[in-house]
Structures are given as C-alpha cells and as structure tokens.
$ cat coords.pdb   # PDB, C-alpha atoms and all ligand atoms
MODEL        1
ATOM      1  CA  MET A   1      19.907 -59.755 -37.933  1.00  0.00           C
ATOM      2  CA  LYS A   2      18.460 -56.421 -38.950  1.00  0.00           C
ATOM      3  CA  SER A   3      19.442 -53.554 -36.647  1.00  0.00           C
ATOM      4  CA  THR A   4      16.544 -51.903 -34.851  1.00  0.00           C
ATOM      5  CA  ARG A   5      18.731 -49.264 -33.223  1.00  0.00           C
ATOM      6  CA  PRO A   6      17.015 -45.853 -33.311  1.00  0.00           C
ATOM      7  CA  PHE A   7      18.665 -42.877 -34.958  1.00  0.00           C
ATOM      8  CA  HIS A   8      21.553 -41.428 -33.052  1.00  0.00           C
ATOM      9  CA  GLN A   9      20.297 -39.150 -30.257  1.00  0.00           C
ATOM     10  CA  THR A  10      23.283 -36.781 -30.145  1.00  0.00           C
ATOM     11  CA  PRO A  11      22.153 -33.505 -31.749  1.00  0.00           C
ATOM     12  CA  VAL A  12      23.749 -32.348 -34.981  1.00  0.00           C
ATOM     13  CA  ILE A  13      23.509 -29.011 -36.774  1.00  0.00           C
ATOM     14  CA  THR A  14      24.679 -29.184 -40.381  1.00  0.00           C
ATOM     15  CA  ILE A  15      25.909 -26.098 -42.195  1.00  0.00           C
ATOM     16  CA  ASP A  16      26.477 -26.643 -45.898  1.00  0.00           C
ATOM     17  CA  GLY A  17      27.254 -24.203 -48.659  1.00  0.00           C
ATOM     18  CA  PRO A  18      29.663 -23.153 -51.381  1.00  0.00           C
ATOM     19  CA  THR A  19      33.283 -22.276 -50.801  1.00  0.00           C
ATOM     20  CA  ALA A  20      33.902 -19.006 -48.924  1.00  0.00           C
ATOM     21  CA  SER A  21      30.224 -18.615 -47.975  1.00  0.00           C
ATOM     22  CA  GLY A  22      31.330 -18.066 -44.380  1.00  0.00           C
ATOM     23  CA  LYS A  23      30.119 -21.468 -43.209  1.00  0.00           C
ATOM     24  CA  GLY A  24      33.405 -22.329 -41.450  1.00  0.00           C
ATOM     25  CA  THR A  25      33.388 -19.154 -39.372  1.00  0.00           C
ATOM     26  CA  VAL A  26      29.680 -19.425 -38.596  1.00  0.00           C
ATOM     27  CA  ALA A  27      29.952 -23.130 -37.715  1.00  0.00           C
ATOM     28  CA  ALA A  28      32.876 -22.538 -35.328  1.00  0.00           C
ATOM     29  CA  LEU A  29      31.056 -19.721 -33.521  1.00  0.00           C
ATOM     30  CA  VAL A  30      27.764 -21.647 -33.273  1.00  0.00           C
ATOM     31  CA  ALA A  31      29.682 -24.638 -31.857  1.00  0.00           C
ATOM     32  CA  ALA A  32      31.468 -22.414 -29.322  1.00  0.00           C
ATOM     33  CA  GLN A  33      28.196 -20.782 -28.265  1.00  0.00           C
ATOM     34  CA  LEU A  34      26.420 -24.107 -27.741  1.00  0.00           C
ATOM     35  CA  GLY A  35      29.479 -25.930 -26.341  1.00  0.00           C
ATOM     36  CA  PHE A  36      29.282 -28.441 -29.230  1.00  0.00           C
ATOM     37  CA  HIS A  37      32.052 -30.258 -31.095  1.00  0.00           C
ATOM     38  CA  LEU A  38      32.988 -29.039 -34.576  1.00  0.00           C
ATOM     39  CA  LEU A  39      33.569 -30.936 -37.800  1.00  0.00           C
ATOM     40  CA  ASP A  40      35.185 -28.989 -40.639  1.00  0.00           C
ATOM     41  CA  SER A  41      34.707 -31.654 -43.295  1.00  0.00           C
ATOM     42  CA  GLY A  42      36.446 -29.518 -45.930  1.00  0.00           C
ATOM     43  CA  ALA A  43      39.610 -29.801 -43.815  1.00  0.00           C
ATOM     44  CA  LEU A  44      39.412 -33.608 -44.175  1.00  0.00           C
ATOM     45  CA  TYR A  45      39.235 -33.300 -47.972  1.00  0.00           C
ATOM     46  CA  ARG A  46      42.067 -30.766 -47.863  1.00  0.00           C
ATOM     47  CA  LEU A  47      44.205 -33.092 -45.708  1.00  0.00           C
ATOM     48  CA  ALA A  48      43.609 -35.913 -48.171  1.00  0.00           C
ATOM     49  CA  ALA A  49      44.515 -33.530 -51.025  1.00  0.00           C
ATOM     50  CA  LEU A  50      47.711 -32.441 -49.281  1.00  0.00           C
ATOM     51  CA  ALA A  51      48.668 -36.065 -48.592  1.00  0.00           C
ATOM     52  CA  SER A  52      48.068 -36.927 -52.258  1.00  0.00           C
ATOM     53  CA  THR A  53      50.560 -34.264 -53.341  1.00  0.00           C
ATOM     54  CA  ARG A  54      53.102 -35.332 -50.717  1.00  0.00           C
ATOM     55  CA  TYR A  55      52.867 -38.999 -51.668  1.00  0.00           C
ATOM     56  CA  HIS A  56      52.611 -38.291 -55.401  1.00  0.00           C
ATOM     57  CA  VAL A  57      49.184 -39.831 -55.885  1.00  0.00           C
ATOM     58  CA  ALA A  58      47.421 -38.440 -58.974  1.00  0.00           C
ATOM     59  CA  ALA A  59      44.065 -36.687 -58.411  1.00  0.00           C
ATOM     60  CA  ASP A  60      42.355 -39.199 -60.743  1.00  0.00           C
ATOM     61  CA  ASP A  61      43.976 -42.399 -59.414  1.00  0.00           C
ATOM     62  CA  VAL A  62      40.904 -43.397 -57.399  1.00  0.00           C
ATOM     63  CA  ASP A  63      42.191 -46.725 -56.022  1.00  0.00           C
ATOM     64  CA  ALA A  64      45.416 -45.164 -54.802  1.00  0.00           C
ATOM     65  CA  LEU A  65      43.501 -42.215 -53.297  1.00  0.00           C
ATOM     66  CA  VAL A  66      41.221 -44.562 -51.348  1.00  0.00           C
ATOM     67  CA  LYS A  67      44.224 -46.517 -50.034  1.00  0.00           C
ATOM     68  CA  LEU A  68      45.929 -43.253 -49.090  1.00  0.00           C
ATOM     69  CA  ILE A  69      42.803 -42.086 -47.186  1.00  0.00           C
ATOM     70  CA  ASP A  70      42.435 -45.420 -45.383  1.00  0.00           C
ATOM     71  CA  ASP A  71      46.026 -45.090 -44.143  1.00  0.00           C
ATOM     72  CA  LEU A  72      45.878 -41.361 -43.423  1.00  0.00           C
ATOM     73  CA  HIS A  73      47.343 -40.275 -40.059  1.00  0.00           C
ATOM     74  CA  ILE A  74      45.384 -37.150 -39.302  1.00  0.00           C
ATOM     75  CA  MET A  75      44.308 -35.425 -36.138  1.00  0.00           C
ATOM     76  CA  PHE A  76      42.467 -32.273 -35.118  1.00  0.00           C
ATOM     77  CA  ARG A  77      43.636 -30.769 -31.876  1.00  0.00           C
ATOM     78  CA  GLU A  78      42.645 -27.390 -30.439  1.00  0.00           C
ATOM     79  CA  GLY A  79      41.693 -26.088 -33.862  1.00  0.00           C
ATOM     80  CA  LEU A  80      44.886 -27.353 -35.516  1.00  0.00           C
ATOM     81  CA  ALA A  81      44.998 -29.944 -38.294  1.00  0.00           C
ATOM     82  CA  GLN A  82      47.833 -32.453 -38.233  1.00  0.00           C
ATOM     83  CA  LEU A  83      49.116 -34.765 -40.947  1.00  0.00           C
ATOM     84  CA  ASP A  84      51.624 -37.439 -39.936  1.00  0.00           C
ATOM     85  CA  GLY A  85      52.063 -35.692 -36.565  1.00  0.00           C
ATOM     86  CA  ALA A  86      52.945 -32.256 -37.999  1.00  0.00           C
ATOM     87  CA  ASP A  87      50.758 -29.135 -37.951  1.00  0.00           C
ATOM     88  CA  VAL A  88      49.557 -28.362 -41.490  1.00  0.00           C
ATOM     89  CA  SER A  89      46.695 -25.979 -40.589  1.00  0.00           C
ATOM     90  CA  SER A  90      48.065 -23.142 -42.731  1.00  0.00           C
ATOM     91  CA  GLU A  91      49.275 -25.345 -45.571  1.00  0.00           C
ATOM     92  CA  ILE A  92      45.825 -26.864 -46.176  1.00  0.00           C
ATOM     93  CA  ARG A  93      44.277 -23.378 -46.569  1.00  0.00           C
ATOM     94  CA  ALA A  94      46.241 -22.624 -49.769  1.00  0.00           C
ATOM     95  CA  GLU A  95      44.010 -22.203 -52.839  1.00  0.00           C
ATOM     96  CA  ALA A  96      45.923 -24.903 -54.721  1.00  0.00           C
ATOM     97  CA  ILE A  97      45.058 -27.416 -51.981  1.00  0.00           C
ATOM     98  CA  GLY A  98      41.408 -26.295 -51.970  1.00  0.00           C
ATOM     99  CA  ASN A  99      41.202 -26.807 -55.725  1.00  0.00           C
ATOM    100  CA  ARG A 100      42.836 -30.213 -55.446  1.00  0.00           C
ATOM    101  CA  ALA A 101      40.430 -31.136 -52.629  1.00  0.00           C
ATOM    102  CA  SER A 102      37.551 -30.239 -54.939  1.00  0.00           C
ATOM    103  CA  ALA A 103      39.093 -32.370 -57.709  1.00  0.00           C
ATOM    104  CA  ILE A 104      39.519 -35.515 -55.572  1.00  0.00           C
ATOM    105  CA  ALA A 105      36.081 -34.993 -53.985  1.00  0.00           C
ATOM    106  CA  VAL A 106      34.309 -35.780 -57.284  1.00  0.00           C
ATOM    107  CA  HIS A 107      35.144 -39.493 -56.914  1.00  0.00           C
ATOM    108  CA  GLN A 108      32.444 -41.467 -55.088  1.00  0.00           C
ATOM    109  CA  PRO A 109      34.929 -44.030 -53.584  1.00  0.00           C
ATOM    110  CA  VAL A 110      36.995 -41.135 -52.174  1.00  0.00           C
ATOM    111  CA  ARG A 111      33.859 -39.713 -50.512  1.00  0.00           C
ATOM    112  CA  ALA A 112      32.888 -43.143 -49.189  1.00  0.00           C
ATOM    113  CA  ALA A 113      36.354 -43.571 -47.657  1.00  0.00           C
ATOM    114  CA  LEU A 114      35.794 -40.405 -45.599  1.00  0.00           C
ATOM    115  CA  VAL A 115      32.271 -41.159 -44.302  1.00  0.00           C
ATOM    116  CA  ALA A 116      33.193 -43.056 -41.104  1.00  0.00           C
ATOM    117  CA  ARG A 117      35.821 -40.496 -40.118  1.00  0.00           C
ATOM    118  CA  GLN A 118      33.202 -37.745 -40.408  1.00  0.00           C
ATOM    119  CA  ARG A 119      30.465 -39.579 -38.480  1.00  0.00           C
ATOM    120  CA  ALA A 120      32.941 -40.321 -35.649  1.00  0.00           C
ATOM    121  CA  PHE A 121      32.814 -36.597 -34.760  1.00  0.00           C
ATOM    122  CA  ARG A 122      29.239 -37.007 -33.513  1.00  0.00           C
ATOM    123  CA  LYS A 123      29.721 -37.002 -29.753  1.00  0.00           C
ATOM    124  CA  ALA A 124      27.812 -35.584 -26.769  1.00  0.00           C
ATOM    125  CA  PRO A 125      26.756 -32.924 -26.094  1.00  0.00           C
ATOM    126  CA  GLY A 126      26.406 -32.227 -29.854  1.00  0.00           C
ATOM    127  CA  LEU A 127      28.077 -31.463 -33.145  1.00  0.00           C
ATOM    128  CA  VAL A 128      28.134 -28.647 -35.659  1.00  0.00           C
ATOM    129  CA  ALA A 129      29.289 -30.035 -39.020  1.00  0.00           C
ATOM    130  CA  ASP A 130      30.155 -27.857 -41.993  1.00  0.00           C
ATOM    131  CA  GLY A 131      30.726 -28.866 -45.601  1.00  0.00           C
ATOM    132  CA  ARG A 132      28.835 -29.627 -48.791  1.00  0.00           C
ATOM    133  CA  ASP A 133      26.896 -32.816 -48.026  1.00  0.00           C
ATOM    134  CA  MET A 134      26.567 -32.781 -44.237  1.00  0.00           C
ATOM    135  CA  GLY A 135      22.769 -32.498 -44.328  1.00  0.00           C
ATOM    136  CA  THR A 136      22.188 -34.568 -47.455  1.00  0.00           C
ATOM    137  CA  VAL A 137      24.564 -37.542 -46.990  1.00  0.00           C
ATOM    138  CA  ILE A 138      26.596 -37.622 -43.761  1.00  0.00           C
ATOM    139  CA  PHE A 139      23.987 -36.612 -41.145  1.00  0.00           C
ATOM    140  CA  PRO A 140      20.587 -36.888 -42.890  1.00  0.00           C
ATOM    141  CA  ASP A 141      18.855 -37.079 -39.475  1.00  0.00           C
ATOM    142  CA  ALA A 142      20.343 -33.747 -38.234  1.00  0.00           C
ATOM    143  CA  GLY A 143      17.921 -31.722 -36.091  1.00  0.00           C
ATOM    144  CA  LEU A 144      18.791 -28.517 -37.939  1.00  0.00           C
ATOM    145  CA  LYS A 145      20.144 -28.183 -41.476  1.00  0.00           C
ATOM    146  CA  VAL A 146      21.335 -24.842 -42.742  1.00  0.00           C
ATOM    147  CA  PHE A 147      22.430 -23.969 -46.283  1.00  0.00           C
ATOM    148  CA  LEU A 148      24.546 -20.819 -46.339  1.00  0.00           C
ATOM    149  CA  THR A 149      24.887 -18.841 -49.528  1.00  0.00           C
ATOM    150  CA  ALA A 150      26.400 -15.501 -50.522  1.00  0.00           C
ATOM    151  CA  SER A 151      26.994 -13.857 -53.884  1.00  0.00           C
ATOM    152  CA  VAL A 152      30.160 -14.923 -55.674  1.00  0.00           C
ATOM    153  CA  GLU A 153      31.466 -11.324 -55.368  1.00  0.00           C
ATOM    154  CA  ALA A 154      30.930 -11.252 -51.590  1.00  0.00           C
ATOM    155  CA  ARG A 155      32.647 -14.634 -51.289  1.00  0.00           C
ATOM    156  CA  ALA A 156      35.628 -13.579 -53.420  1.00  0.00           C
ATOM    157  CA  ALA A 157      36.075 -10.453 -51.298  1.00  0.00           C
ATOM    158  CA  ARG A 158      35.970 -12.526 -48.095  1.00  0.00           C
ATOM    159  CA  ARG A 159      38.382 -15.124 -49.411  1.00  0.00           C
ATOM    160  CA  HIS A 160      40.738 -12.345 -50.571  1.00  0.00           C
ATOM    161  CA  LYS A 161      40.780 -10.826 -47.066  1.00  0.00           C
ATOM    162  CA  GLN A 162      41.262 -14.250 -45.462  1.00  0.00           C
ATOM    163  CA  LEU A 163      44.208 -15.168 -47.710  1.00  0.00           C
ATOM    164  CA  ILE A 164      45.952 -11.809 -47.255  1.00  0.00           C
ATOM    165  CA  GLN A 165      45.548 -12.098 -43.477  1.00  0.00           C
ATOM    166  CA  LYS A 166      47.136 -15.531 -43.615  1.00  0.00           C
ATOM    167  CA  GLY A 167      50.099 -14.177 -45.555  1.00  0.00           C
ATOM    168  CA  PHE A 168      49.180 -15.720 -48.946  1.00  0.00           C
ATOM    169  CA  SER A 169      49.204 -13.530 -52.054  1.00  0.00           C
ATOM    170  CA  ALA A 170      45.803 -13.221 -53.764  1.00  0.00           C
ATOM    171  CA  ASN A 171      44.206 -11.543 -56.764  1.00  0.00           C
ATOM    172  CA  ILE A 172      40.471 -10.850 -56.752  1.00  0.00           C
ATOM    173  CA  ASP A 173      39.913 -11.711 -60.463  1.00  0.00           C
ATOM    174  CA  ASP A 174      41.734 -15.038 -60.110  1.00  0.00           C
ATOM    175  CA  LEU A 175      39.668 -15.755 -57.003  1.00  0.00           C
ATOM    176  CA  LEU A 176      36.392 -14.957 -58.782  1.00  0.00           C
ATOM    177  CA  ARG A 177      37.316 -17.312 -61.626  1.00  0.00           C
ATOM    178  CA  ASP A 178      38.444 -20.061 -59.226  1.00  0.00           C
ATOM    179  CA  LEU A 179      35.290 -19.756 -57.114  1.00  0.00           C
ATOM    180  CA  ARG A 180      33.057 -20.003 -60.197  1.00  0.00           C
ATOM    181  CA  GLU A 181      34.963 -23.059 -61.427  1.00  0.00           C
ATOM    182  CA  ARG A 182      34.898 -24.677 -57.986  1.00  0.00           C
ATOM    183  CA  ASP A 183      31.159 -23.962 -57.548  1.00  0.00           C
ATOM    184  CA  GLU A 184      30.484 -25.512 -60.938  1.00  0.00           C
ATOM    185  CA  ARG A 185      32.526 -28.651 -60.146  1.00  0.00           C
ATOM    186  CA  ASP A 186      31.116 -29.064 -56.612  1.00  0.00           C
ATOM    187  CA  SER A 187      27.513 -28.553 -57.805  1.00  0.00           C
ATOM    188  CA  SER A 188      27.570 -30.568 -61.015  1.00  0.00           C
ATOM    189  CA  ARG A 189      29.398 -33.706 -59.832  1.00  0.00           C
ATOM    190  CA  ALA A 190      27.338 -36.884 -59.752  1.00  0.00           C
ATOM    191  CA  ALA A 191      28.527 -37.933 -56.262  1.00  0.00           C
ATOM    192  CA  ALA A 192      26.901 -35.898 -53.471  1.00  0.00           C
ATOM    193  CA  PRO A 193      26.641 -32.614 -55.404  1.00  0.00           C
ATOM    194  CA  LEU A 194      26.491 -29.355 -53.500  1.00  0.00           C
ATOM    195  CA  LYS A 195      22.789 -28.647 -53.028  1.00  0.00           C
ATOM    196  CA  PRO A 196      20.550 -27.799 -50.097  1.00  0.00           C
ATOM    197  CA  ALA A 197      18.854 -30.718 -48.336  1.00  0.00           C
ATOM    198  CA  ALA A 198      15.094 -30.656 -48.980  1.00  0.00           C
ATOM    199  CA  ASP A 199      14.568 -29.772 -45.302  1.00  0.00           C
ATOM    200  CA  ALA A 200      17.379 -27.176 -45.039  1.00  0.00           C
ATOM    201  CA  GLN A 201      16.897 -23.569 -43.932  1.00  0.00           C
ATOM    202  CA  LEU A 202      18.454 -21.171 -46.465  1.00  0.00           C
ATOM    203  CA  LEU A 203      20.570 -18.311 -45.167  1.00  0.00           C
ATOM    204  CA  ASP A 204      22.018 -15.725 -47.569  1.00  0.00           C
ATOM    205  CA  THR A 205      24.915 -14.037 -45.764  1.00  0.00           C
ATOM    206  CA  SER A 206      25.828 -11.506 -48.517  1.00  0.00           C
ATOM    207  CA  ALA A 207      24.499  -8.619 -46.437  1.00  0.00           C
ATOM    208  CA  LEU A 208      24.786 -10.170 -42.954  1.00  0.00           C
ATOM    209  CA  SER A 209      27.537  -9.767 -40.403  1.00  0.00           C
ATOM    210  CA  VAL A 210      29.043 -12.932 -38.957  1.00  0.00           C
ATOM    211  CA  ASP A 211      27.296 -12.243 -35.624  1.00  0.00           C
ATOM    212  CA  GLU A 212      23.910 -11.885 -37.341  1.00  0.00           C
ATOM    213  CA  ALA A 213      24.390 -15.176 -39.190  1.00  0.00           C
ATOM    214  CA  VAL A 214      25.418 -16.965 -35.973  1.00  0.00           C
ATOM    215  CA  GLU A 215      22.442 -15.517 -34.107  1.00  0.00           C
ATOM    216  CA  GLN A 216      20.053 -16.719 -36.812  1.00  0.00           C
ATOM    217  CA  VAL A 217      21.417 -20.291 -36.713  1.00  0.00           C
ATOM    218  CA  VAL A 218      21.283 -20.436 -32.896  1.00  0.00           C
ATOM    219  CA  GLN A 219      17.702 -19.088 -32.978  1.00  0.00           C
ATOM    220  CA  TRP A 220      16.655 -21.758 -35.499  1.00  0.00           C
ATOM    221  CA  TYR A 221      18.286 -24.425 -33.344  1.00  0.00           C
ATOM    222  CA  GLN A 222      16.508 -23.237 -30.200  1.00  0.00           C
ATOM    223  CA  ALA A 223      13.192 -23.104 -32.061  1.00  0.00           C
ATOM    224  CA  ALA A 224      13.758 -26.666 -33.344  1.00  0.00           C
ATOM    225  CA  GLN A 225      14.524 -27.829 -29.787  1.00  0.00           C
ATOM    226  CA  GLU A 226      11.367 -26.202 -28.442  1.00  0.00           C
ATOM    227  CA  LEU A 227       9.300 -27.804 -31.180  1.00  0.00           C
ATOM    228  CA  LYS A 228      10.814 -31.208 -30.405  1.00  0.00           C
ATOM    229  CA  ALA A 229      10.135 -30.780 -26.665  1.00  0.00           C
ATOM    230  CA  SER A 230       6.517 -29.839 -27.334  1.00  0.00           C
ATOM    231  CA  HIS A 231       6.064 -33.043 -29.370  1.00  0.00           C
ATOM    232  CA  SER A 232       7.525 -35.384 -26.745  1.00  0.00           C
TER     233      SER A 232
HETATM  234  O1  LIG A 301      34.967 -26.177 -47.597  1.00  0.00           O
HETATM  235  P1  LIG A 301      36.336 -26.192 -48.255  1.00  0.00           P
HETATM  236  O2  LIG A 301      36.559 -25.084 -49.246  1.00  0.00           O
HETATM  237  O3  LIG A 301      37.425 -26.280 -47.218  1.00  0.00           O
HETATM  238  O4  LIG A 301      36.379 -27.572 -49.081  1.00  0.00           O
HETATM  239  C1  LIG A 301      37.398 -27.871 -50.008  1.00  0.00           C
HETATM  240  C2  LIG A 301      36.852 -28.792 -51.080  1.00  0.00           C
HETATM  241  O5  LIG A 301      36.556 -30.077 -50.528  1.00  0.00           O
HETATM  242  C3  LIG A 301      35.549 -28.338 -51.744  1.00  0.00           C
HETATM  243  O6  LIG A 301      35.782 -27.525 -52.881  1.00  0.00           O
HETATM  244  C4  LIG A 301      34.858 -29.611 -52.109  1.00  0.00           C
HETATM  245  C5  LIG A 301      35.361 -30.613 -51.105  1.00  0.00           C
HETATM  246  N1  LIG A 301      34.392 -30.927 -50.057  1.00  0.00           N
HETATM  247  C6  LIG A 301      33.403 -31.828 -50.358  1.00  0.00           C
HETATM  248  O7  LIG A 301      33.315 -32.284 -51.489  1.00  0.00           O
HETATM  249  N2  LIG A 301      32.516 -32.219 -49.390  1.00  0.00           N
HETATM  250  C7  LIG A 301      32.583 -31.708 -48.158  1.00  0.00           C
HETATM  251  N3  LIG A 301      31.711 -32.101 -47.222  1.00  0.00           N
HETATM  252  C8  LIG A 301      33.577 -30.740 -47.830  1.00  0.00           C
HETATM  253  C9  LIG A 301      34.463 -30.363 -48.815  1.00  0.00           C
ENDMDL
END
$ encode --input "coords.pdb" --output "structure tokens"
Amino acid sequence: MKSTRPFHQTPVITIDGPTASGKGTVAALVAAQLGFHLLDSGALYRLAALASTRYHVAADDVDALVKLIDDLHIMFREGLAQLDGADVSSEIRAEAIGNRASAIAVHQPVRAALVARQRAFRKAPGLVADGRDMGTVIFPDAGLKVFLTASVEARAARRHKQLIQKGFSANIDDLLRDLRERDERDSSRAAAPLKPAADAQLLDTSALSVDEAVEQVVQWYQAAQELKASHS
C-alpha cells in the first residue's frame, strides 16, 4: 500500500557549506538558541573514516565500507563523539581524518548507508543539521535551508586557528591547498555534490562575526515561521 503519511512535522533548519565555512559553530549556536537538537553530519563521515583506518578498510573498498558503516557503534553524547564506547571527539578533527572522510564520501553506497542514521536525529522540538547535502538530500522538506560560504582565505585562517587551539600543528599554505582540493572533490563528485539547494538562503560569512551569522539564521527562521503561520 502506498504511504499517504504527510511530511514530517518536526522543524528542521539545514546549514550546508564548504569545509571551514563556520557552519558547525553557527549550527551549534542556532540549535542552542532555539533549544533544538543538533546533527553534525560531517562528524558521522569522520567517524566512518576513523573506523576505516582502525579496521584497515581501504577508502575505495565500497562494499567493505558499507558493511563497516552498518556495524558502526557510534554515539553522540553531550557534544562528544564516541566510537566503540571511547571518546574520539578530538581524533576525528584531525585534517587527515577530514580528508579521508571526504574521500569515502564520494561513494554513493557509503552515503546511502548513512541516510537513516542522519534522519533519526529529527526529533521534537526541532533539529539544526549541518553538512553538505542536508537541504538537498537528507531533509529536502526543511523549513529553512541556509548555504554558508566564505572565501577560501578566510576559511583557511579559521581552520588554522581552530587546529592550533586544539593542539594540532598547522601550516596555512598546506591548509589552503587542502581546502581547495577538498572543495573540488566535494563539489565535483557525482553523488550529492556540495551545492546550495534551489530554495536555500545564501550567507557569506567572510566579513561576519559568528554572532552576526547566528542572528541572521535565527531571523530567517522566525520570518519563515511567521510566514507559515499566516498561511495556516
Ligand atoms: O564538515 P566536515 O569537514 O566535518 O566533513 C568532512 C567530510 O565529510 C567532507 O569533506 C565531506 C564529507 N561530508 C559529506 O560528504 N556530506 C556531509 N553531509 C557531511 C560531510
């Protein structure tokens, strides 16, 4: 029998964009302000990437990657990411893991294996989801879709600061090169390439503070809610 269930009513705000565009920080603060749950979908790809190195699964062995993801024991608790019961929140932030996440994310079956885990985050009172394809593939019915951008130089500077703060060593020229390569791979892949949803609001954060970006997203959300209320 064909399902006639209406679209999920729990509100979702999607925040997509390239690596180091600030989407993670903005998403976490918007979620905190609205009292919503948070999905950092990049962390899921990073956990899968970390597991693939631990269990010696090659980044192009698609069948083995899918099996690994199906059996993955992961958990997010109070902002911490766990793999097999151990906290790996810092480990998954390493550039090598980010690059590997980008490499495994090109495979459509790998992406498909992560869909249900991502949609399971949609719970009352609402969800803020950040990633690359949140608005285009995972939550196409989201009430607000935002696409965050920033110049590659601004992103490299931010990522540099972030890595140093976390105790990793980092070189700005290496970061610029890595970001360009990662952007190219994430945007040119056939499976769910990084691109704004047709109905996404674009937000360039190059010259914005984090607070200004958060305020803009919350304002758009409130405006979308008001519009919805006036139509019902
Ligand atoms: O957002 P991030 O840098 O933590 O993501 C790491 C990699 O994971 C990114 O380069 C591409 C992949 N990714 C993806 O393909 N789709 C997502 N929704 C999130 C991340």
$ resolve_selection --input "coords.pdb" --expression "the PyMOL selection byres (((chain A and resi 131-143) around 7) and not hetatm)" --output "NGL selection string"
:A and (11-17 or 40-42 or 115 or 119 or 129-130 or 144-145 or 192 or 194 or 197)
$ axis_aligned_box --input "coords.pdb" --around "ligand LIG 301 (chain A)" --padding-each-side "4 Å" --output "AutoDock Vina command-line options"
--center_x 34.6 --center_y -28.7 --center_z -50.0 --size_x 13.7 --size_y 15.2 --size_z 13.7
$ closest_residue --input "coords.pdb" --among "A:Ala120, A:Val30, A:Leu203, A:Ala105" --to "ligand LIG 301 (chain A)" --atoms "only C-alpha atoms and all ligand atoms"
A:Ala105
$ closest_residue --input "coords.pdb" --among "A:Arg177, A:His73, A:His107, A:Lys228" --to "Asp87 (chain A)" --atoms "only C-alpha atoms"
A:His73
$ residues_around --input "coords.pdb" --residues "Phe36 (chain A)" --least-positions-apart "5" --cutoff "9 Å" --atoms "all atoms listed in the file" --output "list in words"
Val12, Val30, Ala31, Lys123, Ala124, Pro125, Gly126, Leu127 and Val128 of chain A
$ atom_distance --input "coords.pdb" --atom1 "CA of Val57 (chain A)" --atom2 "CA of Lys195 (chain A)"
28.8 Å
